[in-house]
$ cat input-v5.txt   # compact mmCIF, C-alpha atoms
# COMPACT_ATOMS: atom_id res chain seq x y z
CA MET A 1 276.19 55.18 -42.21
CA LYS A 2 279.22 53.48 -43.61
CA LEU A 3 280.68 52.97 -47.04
CA GLY A 4 282.53 49.73 -47.62
CA ASP A 5 286.33 49.82 -47.55
CA GLY A 6 286.21 48.82 -51.22
CA VAL A 7 285.34 52.38 -52.18
CA GLU A 8 288.74 53.73 -51.11
CA ALA A 9 290.53 50.90 -52.94
CA ALA A 10 288.41 51.38 -56.06
CA ILE A 11 289.00 55.13 -56.29
CA HIS A 12 292.77 54.70 -55.80
CA CYS A 13 292.91 52.02 -58.51
CA VAL A 14 290.88 54.11 -60.95
CA THR A 15 293.15 57.13 -60.44
CA ALA A 16 296.26 54.94 -60.80
CA LEU A 17 294.98 53.41 -64.05
CA ALA A 18 294.22 56.90 -65.37
CA THR A 19 297.97 57.55 -65.52
CA LEU A 20 298.67 54.71 -67.99
CA ASP A 21 299.40 55.34 -71.64
CA GLU A 22 296.83 54.20 -74.20
CA GLY A 23 296.55 50.40 -74.46
CA ARG A 24 298.63 49.65 -71.36
CA VAL A 25 297.27 47.69 -68.39
CA LEU A 26 298.18 46.95 -64.77
CA PRO A 27 297.58 43.52 -63.25
CA ALA A 28 295.31 43.23 -60.22
CA ALA A 29 298.13 41.74 -58.13
CA ALA A 30 300.33 44.81 -58.68
CA MET A 31 297.56 47.23 -57.69
CA ALA A 32 296.82 45.12 -54.61
CA GLU A 33 300.49 45.10 -53.60
CA PHE A 34 300.82 48.85 -54.09
CA HIS A 35 297.88 49.54 -51.75
CA GLY A 36 298.71 46.85 -49.17
CA LEU A 37 295.60 44.82 -50.02
CA SER A 38 295.02 41.15 -50.83
CA THR A 39 294.56 40.41 -54.53
CA SER A 40 291.37 38.40 -53.95
CA TYR A 41 289.83 41.31 -52.04
CA LEU A 42 290.75 43.82 -54.70
CA LEU A 43 289.63 41.56 -57.57
CA LYS A 44 286.08 41.62 -56.24
CA HIS A 45 286.00 45.39 -56.58
CA LEU A 46 287.87 45.48 -59.91
CA LYS A 47 285.24 43.11 -61.31
CA ALA A 48 282.46 45.37 -60.07
CA LEU A 49 284.16 48.36 -61.74
CA THR A 50 284.49 46.35 -64.96
CA LYS A 51 280.83 45.30 -64.86
CA ALA A 52 279.88 48.96 -64.47
CA GLY A 53 281.87 49.91 -67.59
CA ILE A 54 284.47 51.91 -65.67
CA LEU A 55 287.35 49.47 -66.23
CA ALA A 56 288.14 47.05 -69.05
CA SER A 57 290.00 43.82 -68.38
CA VAL A 58 292.50 42.30 -70.77
CA PRO A 59 292.83 38.53 -70.22
CA GLY A 60 295.96 36.42 -70.47
CA PRO A 61 299.48 36.34 -69.03
CA THR A 62 300.19 39.93 -70.12
CA GLY A 63 296.69 41.09 -69.18
CA GLY A 64 295.35 43.38 -66.51
CA TYR A 65 293.06 46.34 -66.10
CA LYS A 66 292.75 49.72 -67.79
CA LEU A 67 290.16 52.48 -67.80
CA ALA A 68 287.23 51.92 -70.17
CA LYS A 69 286.53 55.67 -70.33
CA ALA A 70 288.54 58.88 -70.16
CA PRO A 71 289.02 60.25 -66.62
CA GLU A 72 287.06 63.34 -67.73
CA ASP A 73 284.06 61.09 -68.36
CA LEU A 74 284.15 59.36 -64.96
CA THR A 75 282.83 60.77 -61.71
CA LEU A 76 283.27 59.80 -58.08
CA LEU A 77 279.59 58.82 -58.11
CA ASP A 78 280.21 56.30 -60.91
CA VAL A 79 282.87 54.58 -58.81
CA VAL A 80 280.90 54.66 -55.54
CA LEU A 81 277.76 53.22 -57.14
CA ALA A 82 279.76 50.53 -58.98
CA VAL A 83 281.21 49.28 -55.69
CA GLU A 84 278.30 49.92 -53.32
CA GLY A 85 275.36 49.27 -55.64
CA PRO A 86 272.59 51.64 -56.69
CA GLU A 87 270.36 51.41 -53.61
CA PRO A 88 269.98 54.53 -51.46
CA ALA A 89 271.53 54.58 -47.99
CA PHE A 90 268.11 54.94 -46.37
CA ARG A 91 265.97 51.91 -47.15
CA CYS A 92 262.40 52.53 -46.07
CA LYS A 93 260.76 49.41 -44.68
CA GLU A 94 257.36 51.12 -44.46
CA ILE A 95 257.15 50.61 -40.71
CA ARG A 96 254.37 53.22 -40.77
CA ARG A 97 252.09 50.43 -42.08
CA LYS A 98 253.04 47.88 -39.42
CA GLY A 99 251.57 47.28 -35.95
CA PRO A 100 248.00 46.78 -34.71
CA ASN A 101 244.84 47.93 -36.49
CA PRO A 102 246.42 47.94 -39.96
CA LEU A 103 244.96 50.23 -42.62
CA PRO A 104 244.36 49.28 -46.26
CA ASP A 105 247.01 50.25 -48.81
CA ASP A 106 244.88 53.09 -50.18
CA ALA A 107 245.39 54.96 -46.88
CA PHE A 108 249.01 55.52 -47.98
CA PRO A 109 248.73 57.13 -51.42
CA LYS A 110 251.92 59.19 -50.97
CA PRO A 111 255.48 58.09 -50.16
CA CYS A 112 256.35 58.42 -46.49
CA GLY A 113 257.57 61.96 -45.81
CA ILE A 114 260.48 60.61 -43.77
CA ASN A 115 261.64 58.52 -46.71
CA ALA A 116 261.24 61.51 -49.05
CA ALA A 117 263.33 63.75 -46.77
CA MET A 118 266.08 61.13 -46.45
CA LEU A 119 266.18 60.59 -50.23
CA LYS A 120 266.37 64.34 -50.83
CA ALA A 121 269.50 64.49 -48.66
CA GLU A 122 270.98 61.56 -50.55
CA GLN A 123 270.38 63.41 -53.82
CA ALA A 124 272.54 66.25 -52.45
CA TYR A 125 275.26 63.69 -51.61
CA ARG A 126 275.13 62.10 -55.05
CA LYS A 127 275.13 65.50 -56.75
CA ALA A 128 278.37 66.41 -54.97
CA LEU A 129 279.94 63.06 -55.94
CA ARG A 130 278.74 63.50 -59.54
CA GLU A 131 280.38 66.92 -59.73
CA THR A 132 283.81 65.49 -58.88
CA LEU A 133 285.51 64.07 -61.96
CA ILE A 134 288.27 61.49 -61.70
CA SER A 135 290.32 63.91 -63.83
CA ASP A 136 289.82 66.57 -61.10
CA LEU A 137 291.26 64.23 -58.48
CA ILE A 138 294.29 63.49 -60.65
CA HIS A 139 294.83 67.18 -61.42
CA ASN A 140 294.66 68.10 -57.72
CA HIS A 141 296.99 65.23 -56.81
CA ASN A 142 299.55 66.32 -59.39
CA GLN A 143 299.34 69.92 -58.19
CA THR A 144 299.63 69.30 -54.47
CA SER A 145 301.37 66.01 -53.71
CA ASP A 146 304.94 65.66 -52.55
CA PRO A 147 307.39 64.82 -55.41
CA ARG A 148 308.41 61.65 -53.52
CA VAL A 149 304.84 60.36 -53.65
CA HIS A 150 304.69 61.03 -57.37
CA ALA A 151 308.07 59.36 -57.99
CA ARG A 152 307.17 56.29 -55.95
CA GLY A 153 303.91 55.83 -57.87
CA CYS A 154 305.54 56.29 -61.25
CA ALA A 155 308.35 53.85 -60.44
CA PHE A 156 305.89 51.20 -59.31
CA VAL A 157 303.72 51.61 -62.39
CA GLN A 158 306.73 51.42 -64.72
CA GLN A 159 307.81 48.21 -63.01
CA HIS A 160 304.43 46.50 -63.45
CA ILE A 161 302.90 48.03 -66.57
CA ARG A 162 301.94 45.68 -69.42
CA PRO A 163 302.49 44.86 -72.20
CA MET B 164 276.37 52.76 -48.47
CA LYS B 165 273.72 51.78 -46.01
CA LEU B 166 272.13 53.37 -43.00
CA GLY B 167 271.04 51.02 -40.25
CA ASP B 168 267.33 50.17 -40.00
CA GLY B 169 267.36 51.91 -36.63
CA VAL B 170 267.28 55.30 -38.38
CA GLU B 171 263.77 54.73 -39.73
CA ALA B 172 262.54 53.52 -36.33
CA ALA B 173 264.20 56.43 -34.53
CA ILE B 174 262.71 59.12 -36.79
CA HIS B 175 259.22 57.61 -36.53
CA CYS B 176 259.48 57.48 -32.71
CA VAL B 177 260.73 61.06 -32.49
CA THR B 178 257.86 62.32 -34.67
CA ALA B 179 255.34 60.27 -32.63
CA LEU B 180 256.67 61.66 -29.33
CA ALA B 181 256.44 65.18 -30.74
CA THR B 182 252.64 64.86 -30.71
CA LEU B 183 252.43 64.33 -26.92
CA ASP B 184 251.24 67.04 -24.55
CA GLU B 185 253.77 68.54 -22.12
CA GLY B 186 254.93 66.07 -19.47
CA ARG B 187 253.37 63.00 -21.06
CA VAL B 188 255.42 59.96 -22.11
CA LEU B 189 255.02 56.81 -24.20
CA PRO B 190 256.56 53.51 -23.11
CA ALA B 191 259.09 51.83 -25.39
CA ALA B 192 256.91 48.71 -25.68
CA ALA B 193 254.01 50.74 -27.10
CA MET B 194 256.20 52.46 -29.70
CA ALA B 195 257.67 49.09 -30.65
CA GLU B 196 254.21 47.54 -31.04
CA PHE B 197 252.95 50.45 -33.14
CA HIS B 198 255.84 50.05 -35.60
CA GLY B 199 255.92 46.25 -35.66
CA LEU B 200 259.34 46.10 -33.97
CA SER B 201 260.69 44.17 -30.99
CA THR B 202 260.98 46.22 -27.80
CA SER B 203 264.59 45.15 -27.19
CA TYR B 204 265.58 46.29 -30.69
CA LEU B 205 263.84 49.63 -30.29
CA LEU B 206 265.21 50.21 -26.78
CA LYS B 207 268.76 50.21 -28.13
CA HIS B 208 267.92 53.12 -30.39
CA LEU B 209 265.79 54.96 -27.81
CA LYS B 210 268.76 54.82 -25.44
CA ALA B 211 271.03 56.26 -28.14
CA LEU B 212 268.53 59.08 -28.72
CA THR B 213 268.41 59.73 -24.97
CA LYS B 214 272.19 59.77 -24.69
CA ALA B 215 272.28 62.32 -27.50
CA GLY B 216 269.87 64.62 -25.63
CA ILE B 217 267.03 64.15 -28.14
CA LEU B 218 264.78 62.11 -25.83
CA ALA B 219 264.34 62.07 -22.06
CA SER B 220 263.35 58.92 -20.24
CA VAL B 221 261.08 58.83 -17.21
CA PRO B 222 261.72 55.71 -15.10
CA GLY B 223 259.17 53.66 -13.19
CA PRO B 224 255.92 51.80 -13.89
CA THR B 225 254.27 54.90 -15.38
CA GLY B 226 257.45 55.94 -17.17
CA GLY B 227 258.43 56.11 -20.80
CA TYR B 228 260.01 58.47 -23.30
CA LYS B 229 259.36 62.05 -24.32
CA LEU B 230 261.21 64.64 -26.40
CA ALA B 231 263.96 66.50 -24.55
CA LYS B 232 263.74 69.43 -26.99
CA ALA B 233 261.05 71.11 -29.05
CA PRO B 234 260.58 69.60 -32.55
CA GLU B 235 261.62 72.99 -33.97
CA ASP B 236 265.00 72.51 -32.28
CA LEU B 237 265.62 69.01 -33.64
CA THR B 238 266.87 68.15 -37.12
CA LEU B 239 267.00 64.95 -39.12
CA LEU B 240 270.79 65.15 -38.79
CA ASP B 241 270.54 65.08 -34.98
CA VAL B 242 268.56 61.83 -35.15
CA VAL B 243 270.73 60.19 -37.81
CA LEU B 244 273.97 60.96 -35.95
CA ALA B 245 272.51 59.81 -32.62
CA VAL B 246 271.70 56.40 -34.09
CA GLU B 247 274.58 55.96 -36.52
CA GLY B 248 277.36 57.73 -34.66
CA PRO B 249 279.39 60.76 -35.71
CA GLU B 250 281.88 59.04 -38.04
CA PRO B 251 281.70 59.92 -41.73
CA ALA B 252 280.48 57.29 -44.20
CA PHE B 253 283.86 57.27 -45.95
CA ARG B 254 286.58 56.15 -43.54
CA CYS B 255 289.98 56.71 -45.07
CA LYS B 256 292.42 53.95 -44.17
CA GLU B 257 295.33 55.82 -45.77
CA ILE B 258 296.01 53.01 -48.23
CA ARG B 259 298.07 55.57 -50.17
CA ARG B 260 300.80 54.98 -47.54
CA LYS B 261 300.73 51.19 -47.75
CA GLY B 262 302.64 48.82 -50.00
CA PRO B 263 306.33 48.49 -50.91
CA ASN B 264 308.95 51.24 -50.65
CA PRO B 265 307.09 53.17 -47.94
CA LEU B 266 307.70 56.89 -47.62
CA PRO B 267 308.16 58.79 -44.35
CA ASP B 268 305.11 60.54 -42.87
CA ASP B 269 306.37 63.96 -43.92
CA ALA B 270 305.78 62.99 -47.56
CA PHE B 271 302.03 63.26 -46.82
CA PRO B 272 301.59 66.73 -45.35
CA LYS B 273 298.07 67.15 -46.79
CA PRO B 274 294.97 65.01 -46.34
CA CYS B 275 294.41 62.59 -49.21
CA GLY B 276 292.48 64.36 -51.98
CA ILE B 277 290.18 61.36 -52.34
CA ASN B 278 289.26 61.56 -48.66
CA ALA B 279 288.72 65.32 -48.95
CA ALA B 280 286.39 64.89 -51.94
CA MET B 281 284.37 62.18 -50.20
CA LEU B 282 284.05 64.29 -47.03
CA LYS B 283 282.93 67.30 -49.07
CA ALA B 284 280.07 65.23 -50.49
CA GLU B 285 279.17 64.07 -47.00
CA GLN B 286 279.00 67.70 -45.88
CA ALA B 287 276.37 68.28 -48.57
CA TYR B 288 274.42 65.28 -47.24
CA ARG B 289 274.62 66.47 -43.66
CA LYS B 290 273.64 70.02 -44.65
CA ALA B 291 270.45 68.71 -46.28
CA LEU B 292 269.65 66.62 -43.19
CA ARG B 293 270.38 69.61 -40.93
CA GLU B 294 267.96 71.77 -42.92
CA THR B 295 265.05 69.39 -42.27
CA LEU B 296 263.48 70.03 -38.88
CA ILE B 297 261.44 67.39 -37.09
CA SER B 298 258.69 70.03 -36.94
CA ASP B 299 258.78 70.22 -40.76
CA LEU B 300 258.19 66.47 -41.01
CA ILE B 301 255.23 66.68 -38.62
CA HIS B 302 253.76 69.66 -40.45
CA ASN B 303 254.04 67.91 -43.82
CA HIS B 304 252.56 64.73 -42.37
CA ASN B 305 249.59 66.62 -40.93
CA GLN B 306 249.04 68.41 -44.23
CA THR B 307 249.22 65.43 -46.54
CA SER B 308 248.39 62.19 -44.75
CA ASP B 309 245.10 60.35 -45.03
CA PRO B 310 242.68 61.07 -42.14
CA ARG B 311 242.61 57.36 -41.31
CA VAL B 312 246.38 57.36 -40.71
CA HIS B 313 246.03 60.34 -38.40
CA ALA B 314 243.10 58.78 -36.52
CA ARG B 315 244.88 55.45 -36.07
CA GLY B 316 247.96 57.17 -34.66
CA CYS B 317 245.97 59.38 -32.27
CA ALA B 318 243.92 56.44 -31.00
CA PHE B 319 247.03 54.38 -30.32
CA VAL B 320 248.77 57.24 -28.52
CA GLN B 321 245.69 57.93 -26.36
CA GLN B 322 245.57 54.26 -25.39
CA HIS B 323 249.21 54.15 -24.26
CA ILE B 324 250.04 57.67 -23.12
CA ARG B 325 251.28 58.13 -19.52
CA PRO B 326 250.68 59.24 -16.87
$ encode --input "input-v5.txt" --output "structure tokens"
Amino acid sequence: MKLGDGVEAAIHCVTALATLDEGRVLPAAAMAEFHGLSTSYLLKHLKALTKAGILASVPGPTGGYKLAKAPEDLTLLDVVLAVEGPEPAFRCKEIRRKGPNPLPDDAFPKPCGINAAMLKAEQAYRKALRETLISDLIHNHNQTSDPRVHARGCAFVQQHIRP
Amino acid sequence: MKLGDGVEAAIHCVTALATLDEGRVLPAAAMAEFHGLSTSYLLKHLKALTKAGILASVPGPTGGYKLAKAPEDLTLLDVVLAVEGPEPAFRCKEIRRKGPNPLPDDAFPKPCGINAAMLKAEQAYRKALRETLISDLIHNHNQTSDPRVHARGCAFVQQHIRP
């Protein structure tokens, strides 16, 4: 099981944008530079976050991205699903119905128990992601991170913030 | 997030092998045929299950695969990790350290909070998988599946069982 690398980039961008004052934006190129990523790569994920209603984009030469919701109203699950899509990790291909001597569909009135067990575990995963707010991550970061990390982030944001 | 298709095949094979009497085996080709899969594809996953100590292989013309442990001693997590590997779904690339004006390593004494939150959710996922025994899946299947499904499976196993 593997999440795409875009999830790490997306969560870092969302937490960075949560530090901006009302109405301010950061351009995609600045967020890409700050995280050592290519702008085209990051744009793909910023667009997915925008489509999901997590970010809002402001067009034009002084444009960029900002949060579309308060960090208290965004969860880790929102960000993961925006980047990875809504499908569960386990995708049942109904191999129980394949092979020789096939049975009619009415022999399978219930979902496969293996699929049900895998989806139950995924519900536990999603519940844990849903219980982590973006505001929690920011609070913990502010409480525990080294002052140099905080200063570096603030300086970079101040240099690139718009308008 | 996506699990490989091999997980579904592996769980179905493990539950099928759990129905065999002591000392009996099923060849890989028979399990592949029963699930509509290619033998070479399935062999890759059967070998991973064997390497993980979940299956045992008996070589030779009357050989095949059997469980290496009782179904009560095997969990869904054992099977998923055998096929997918032990790495977590979220693989932190420490992008917090990238970009301009890098800081020395001692500025990051703690694991990234984003990584920690993602791993905590994965622990919930693994806990749910660990709590589902292979014997539970078989019990539920026997209790709820259509008699035709049961009869088809038994007939196929009887036709291919060894020695």
$ atom_distance --input "input-v5.txt" --atom1 "atom CA of B:Glu185" --atom2 "atom CA of B:Leu239"
21.8 Å
$ interface_residues --input "input-v5.txt" --of "chain B" --to "chain A" --cutoff "7 Å" --atoms "all atoms listed in the file" --output "JSON, numbers by chain"
{"B": [164, 165, 166, 167, 171, 196, 197, 198, 199, 247, 252, 253, 255, 258, 259, 261, 262, 263, 270, 271, 276, 277, 284, 285, 287, 288, 291, 292, 300, 304, 309, 311, 312]}
$ write_last_selection --input "input-v5.txt" --atoms "C-alpha atoms" --output "tab-separated table (two decimals), in the coordinates of the input"
chain	number	residue	atom	x	y	z
B	164	MET	CA	276.37	52.76	-48.47
B	165	LYS	CA	273.72	51.78	-46.01
B	166	LEU	CA	272.13	53.37	-43.00
B	167	GLY	CA	271.04	51.02	-40.25
B	171	GLU	CA	263.77	54.73	-39.73
B	196	GLU	CA	254.21	47.54	-31.04
B	197	PHE	CA	252.95	50.45	-33.14
B	198	HIS	CA	255.84	50.05	-35.60
B	199	GLY	CA	255.92	46.25	-35.66
B	247	GLU	CA	274.58	55.96	-36.52
B	252	ALA	CA	280.48	57.29	-44.20
B	253	PHE	CA	283.86	57.27	-45.95
B	255	CYS	CA	289.98	56.71	-45.07
B	258	ILE	CA	296.01	53.01	-48.23
B	259	ARG	CA	298.07	55.57	-50.17
B	261	LYS	CA	300.73	51.19	-47.75
B	262	GLY	CA	302.64	48.82	-50.00
B	263	PRO	CA	306.33	48.49	-50.91
B	270	ALA	CA	305.78	62.99	-47.56
B	271	PHE	CA	302.03	63.26	-46.82
B	276	GLY	CA	292.48	64.36	-51.98
B	277	ILE	CA	290.18	61.36	-52.34
B	284	ALA	CA	280.07	65.23	-50.49
B	285	GLU	CA	279.17	64.07	-47.00
B	287	ALA	CA	276.37	68.28	-48.57
B	288	TYR	CA	274.42	65.28	-47.24
B	291	ALA	CA	270.45	68.71	-46.28
B	292	LEU	CA	269.65	66.62	-43.19
B	300	LEU	CA	258.19	66.47	-41.01
B	304	HIS	CA	252.56	64.73	-42.37
B	309	ASP	CA	245.10	60.35	-45.03
B	311	ARG	CA	242.61	57.36	-41.31
B	312	VAL	CA	246.38	57.36	-40.71
$ closest_residue --input "input-v5.txt" --among "B:Pro222, B:Pro190, B:Pro326, B:Pro234" --to "B:Val177" --atoms "all atoms listed in the file"
B:Pro234
$ atom_distance --input "input-v5.txt" --atom1 "atom CA of A:Tyr41" --atom2 "atom CA of A:Cys13"
12.9 Å
$ axis_aligned_box --input "input-v5.txt" --around "stretch 292-311 of chain B" --padding-each-side "5 Å" --output "JSON"
{"center_x": 256.5, "center_y": 64.6, "center_z": -41.7, "size_x": 37.8, "size_y": 24.4, "size_z": 19.6}
$ atom_distance --input "input-v5.txt" --atom1 "atom CA of B:Arg187" --atom2 "atom CA of B:Arg325"
5.5 Å
$ residues_near_point --input "input-v5.txt" --point "(298.7, 44.8, -65.4)" --cutoff "7 Å" --atoms "all atoms listed in the file" --output "count of residues only"
12
$ residues_around --input "input-v5.txt" --residues "B:Lys232" --least-positions-apart "4" --cutoff "7 Å" --atoms "all atoms listed in the file" --output "PyMOL selection string"
chain B and resi 217+236-237
$ decode --input "input-v5.txt" --residues "stretch 134-154 of chain A" --atoms "N, CA and C atoms" --output "CSV table (one decimal), in the first residue's frame"
chain,number,residue,atom,x,y,z
A,134,ILE,N,-6.4,20.2,10.4
A,134,ILE,CA,-5.2,21.0,10.0
A,134,ILE,C,-4.8,21.9,11.1
A,135,SER,N,-5.8,22.5,11.8
A,135,SER,CA,-5.4,23.4,12.9
A,135,SER,C,-4.7,22.7,14.0
A,136,ASP,N,-4.9,21.4,14.2
A,136,ASP,CA,-4.2,20.6,15.2
A,136,ASP,C,-2.7,20.5,14.8
A,137,LEU,N,-2.5,20.2,13.5
A,137,LEU,CA,-1.1,20.1,13.0
A,137,LEU,C,-0.3,21.4,13.2
A,138,ILE,N,-1.0,22.5,12.9
A,138,ILE,CA,-0.3,23.8,13.0
A,138,ILE,C,0.0,24.1,14.5
A,139,HIS,N,-1.0,23.8,15.4
A,139,HIS,CA,-0.8,24.0,16.8
A,139,HIS,C,0.4,23.2,17.3
A,140,ASN,N,0.4,21.9,16.9
A,140,ASN,CA,1.5,21.1,17.4
A,140,ASN,C,2.8,21.6,16.8
A,141,HIS,N,2.8,22.0,15.6
A,141,HIS,CA,4.1,22.5,15.0
A,141,HIS,C,4.6,23.7,15.7
A,142,ASN,N,3.7,24.6,16.0
A,142,ASN,CA,4.1,25.9,16.7
A,142,ASN,C,4.6,25.6,18.2
A,143,GLN,N,4.0,24.5,18.8
A,143,GLN,CA,4.4,24.2,20.1
A,143,GLN,C,5.8,23.5,20.2
A,144,THR,N,6.1,22.7,19.2
A,144,THR,CA,7.2,21.8,19.3
A,144,THR,C,8.4,22.1,18.4
A,145,SER,N,8.2,22.9,17.3
A,145,SER,CA,9.3,23.0,16.4
A,145,SER,C,10.4,24.0,16.8
A,146,ASP,N,11.6,23.8,16.3
A,146,ASP,CA,12.7,24.6,16.6
A,146,ASP,C,12.4,26.0,16.2
A,147,PRO,N,12.8,27.1,16.9
A,147,PRO,CA,12.6,28.4,16.5
A,147,PRO,C,13.2,28.8,15.1
A,148,ARG,N,14.3,28.1,14.8
A,148,ARG,CA,14.9,28.4,13.5
A,148,ARG,C,14.0,27.9,12.3
A,149,VAL,N,13.3,26.8,12.5
A,149,VAL,CA,12.4,26.3,11.5
A,149,VAL,C,11.2,27.3,11.3
A,150,HIS,N,10.7,27.8,12.4
A,150,HIS,CA,9.7,28.8,12.4
A,150,HIS,C,10.1,30.1,11.7
A,151,ALA,N,11.3,30.5,12.1
A,151,ALA,CA,11.8,31.8,11.5
A,151,ALA,C,12.1,31.7,10.0
A,152,ARG,N,12.6,30.5,9.6
A,152,ARG,CA,12.9,30.3,8.2
A,152,ARG,C,11.5,30.3,7.4
A,153,GLY,N,10.5,29.6,7.9
A,153,GLY,CA,9.2,29.6,7.2
A,153,GLY,C,8.6,31.0,7.1
A,154,CYS,N,8.6,31.7,8.2
A,154,CYS,CA,8.1,33.1,8.2
A,154,CYS,C,8.8,34.0,7.2
